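Report on the following structure.
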Amino acid sequence: MLLVGLAVGAVTDVRTGKIPNVLTFPMMAVGIAFWAVTGPDRALGLVGCAAAFALHFLLFALKVEKAGDAKMMMAVGALAGWRTMIEATLWWAIVFIPVGLLVLAVTGKLPNLVASSRYVLARMRGGPTGPEPEPTTLRVGPILLVAGALAWGTDWLGRFI
């Protein structure tokens with residue numbers, strides 16, 4: 001179910017620019033319920049979802065990712081557990097950075113990323129920010145699919161934790 005949900009999210013994100021709640025919330029519920037009923041660690045889904053919320057809400061608040069991306073990672077945590085979610089987040093960062101920079105460079109929006117970063121840093125410091133720059137967002141559903149598949153298939157983080 002995890003990879004199917006990630007694939008549907010990727011297609012939806014590419015087409016509409018959003019990963020809908022009607023997809024992510026049921027994935028979270030199924031993951032939490034599945035582990036609560038069948039898992040040796042009955043809290044694995046809930047802990048995975050909560051860990052993803054803690055990490056990805058921060059990234060959402062910093063405008064690194066959109067709400068649907070954060071909720072999809074909560075679904076990954078609920079369905080696969082916190083370790084797989086952390087690994088998927090690491091894969092997401094590894095894939096996102098070069099792909100994102102390439103897309104921004106090709107579309108001519110790389111200078112906007114710099115302006116947005118300066119704006120966010122100024123807000124965090126409490127200093128003057130000036131006008132908010134134009135949002136620079138990517139449709140990262142396909143990157144989430146790749147990251148989730150890599151995390152699900154490799155479990156390299158599991159060797160260390």
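Identifiers for the structure tokens are assigned positionally: chains receive A, B, ... in sequence, residues are indexed from 1 per chain, and ligands are indexed from 1 in the order shown.
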
Item to check | Distance query Val120 (chain A) at most 12 Å, only C-alpha atoms, self and fewer than 4 positions along chain excluded, as a PyMOL selection string | outcome: chain A and resi 59+61-64+113-116+124-133+135

Output file for the residues above (C-alpha atoms, as an mmCIF file, in the first residue's frame):
```cif
data_model
loop_
_atom_site.group_PDB
_atom_site.id
_atom_site.type_symbol
_atom_site.label_atom_id
_atom_site.label_comp_id
_atom_site.auth_asym_id
_atom_site.auth_seq_id
_atom_site.Cartn_x
_atom_site.Cartn_y
_atom_site.Cartn_z
ATOM 1 C CA LEU A 59 10.186 21.780 7.166
ATOM 2 C CA ALA A 61 6.924 25.912 8.638
ATOM 3 C CA LEU A 62 10.254 26.864 7.071
ATOM 4 C CA LYS A 63 8.577 26.597 3.642
ATOM 5 C CA VAL A 64 10.961 23.860 2.551
ATOM 6 C CA LEU A 113 15.691 30.599 -4.030
ATOM 7 C CA VAL A 114 18.510 32.792 -2.762
ATOM 8 C CA ALA A 115 16.092 35.671 -2.073
ATOM 9 C CA SER A 116 13.670 33.321 -0.304
ATOM 10 C CA MET A 124 14.141 33.732 12.003
ATOM 11 C CA ARG A 125 16.509 36.375 13.366
ATOM 12 C CA GLY A 126 13.677 38.857 13.893
ATOM 13 C CA GLY A 127 15.299 41.468 11.686
ATOM 14 C CA PRO A 128 13.809 43.472 8.839
ATOM 15 C CA THR A 129 12.636 41.229 6.030
ATOM 16 C CA GLY A 130 11.311 43.514 3.337
ATOM 17 C CA PRO A 131 8.673 42.209 0.975
ATOM 18 C CA GLU A 132 8.209 38.451 0.808
ATOM 19 C CA PRO A 133 9.738 36.987 -2.372
ATOM 20 C CA PRO A 135 7.218 31.474 -3.638
#
```

Return as JSON lines the residues of region 23-140 of chain A lying at most 8 Å from region 1-19 of chain A, together with the closest atom-to-atom pair for each and the distance in Å to one decimal, counting only C-alpha atoms, with rows in chain order and ascending residue number.
```
{"residue": "A:Leu23", "atom": "CA", "partner": "A:Gly5", "partner_atom": "CA", "distance": 7.2}
{"residue": "A:Thr24", "atom": "CA", "partner": "A:Ile19", "partner_atom": "CA", "distance": 7.6}
{"residue": "A:Met27", "atom": "CA", "partner": "A:Gly5", "partner_atom": "CA", "distance": 7.3}
{"residue": "A:Gly68", "atom": "CA", "partner": "A:Ile19", "partner_atom": "CA", "distance": 4.8}
{"residue": "A:Asp69", "atom": "CA", "partner": "A:Ile19", "partner_atom": "CA", "distance": 6.8}
{"residue": "A:Met72", "atom": "CA", "partner": "A:Ile19", "partner_atom": "CA", "distance": 7.6}
{"residue": "A:Val76", "atom": "CA", "partner": "A:Leu2", "partner_atom": "CA", "distance": 6.8}
{"residue": "A:Leu79", "atom": "CA", "partner": "A:Leu2", "partner_atom": "CA", "distance": 6.6}
{"residue": "A:Ala80", "atom": "CA", "partner": "A:Leu2", "partner_atom": "CA", "distance": 7.7}
{"residue": "A:Arg139", "atom": "CA", "partner": "A:Gly17", "partner_atom": "CA", "distance": 5.8}
{"residue": "A:Val140", "atom": "CA", "partner": "A:Asp13", "partner_atom": "CA", "distance": 7.3}
```

Please list as a PDB file with C-alpha atoms, in the first residue's frame every residue within 10 Å of Ala29 (chain A), counting only C-alpha atoms and excluding residues in the same chain fewer than 6 positions away.
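Contents of the output file selection-v6.pdb:
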```pdb
ATOM      1  CA  GLY A  45       2.485   3.396  13.210  1.00  0.00           C
ATOM      2  CA  LEU A  46       1.528   6.069  15.706  1.00  0.00           C
ATOM      3  CA  CYS A  49       3.348   9.302  12.138  1.00  0.00           C
ATOM      4  CA  ALA A  75       1.712   8.433   5.974  1.00  0.00           C
ATOM      5  CA  ALA A  78       2.439   5.438   9.881  1.00  0.00           C
ATOM      6  CA  LEU A  79       2.701   2.653   7.313  1.00  0.00           C
TER       7      LEU A  79
END
```

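Relative to CA of Ala151 (chain A), CA of Thr84 (chain A) is found at 5.8 Å.
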
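Relative to CA of Asn112 (chain A), CA of Ile143 (chain A) is found at 21.2 Å.
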
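A straight line drawn from CA of Val47 (chain A) to CA of Met28 (chain A) is 11.3 Å long.
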
Checklist entry - Skipping near chain neighbours, those fewer than 2 positions away, what residues fall within 12 Å of Leu110 (chain A) using only C-alpha atoms, listed as a list in words? => result Gly100, Leu101, Leu102, Val103, Leu104, Ala105, Val106, Thr107, Gly108, Asn112, Leu113, Val114, Ala115, Ser116, Ser117, Glu134, Pro135, Thr136, Thr137 and Leu138 of chain A

Next on the checklist: as a ChimeraX atom specification, please: every residue in region 48-156 of chain A that a backbone DSSP assignment puts in helix (DSSP H, G or I).
Outcome noted: /A:48-61,67-80,82-107,110-125,141-154

Produce a table with one row for each residue of region 19-69 of chain A that has an atom at most 10 Å from any atom of region 89-97 of chain A, each row naming the nearest atom pair and its distance in Å at one decimal; use only C-alpha atoms; arrange rows by chain and rising residue number; format as a tab-separated table.
```
residue	atom	partner	partner_atom	distance
A:Ala52	CA	A:Thr89	CA	9.0
A:Leu55	CA	A:Thr89	CA	9.2
A:His56	CA	A:Thr89	CA	8.9
```
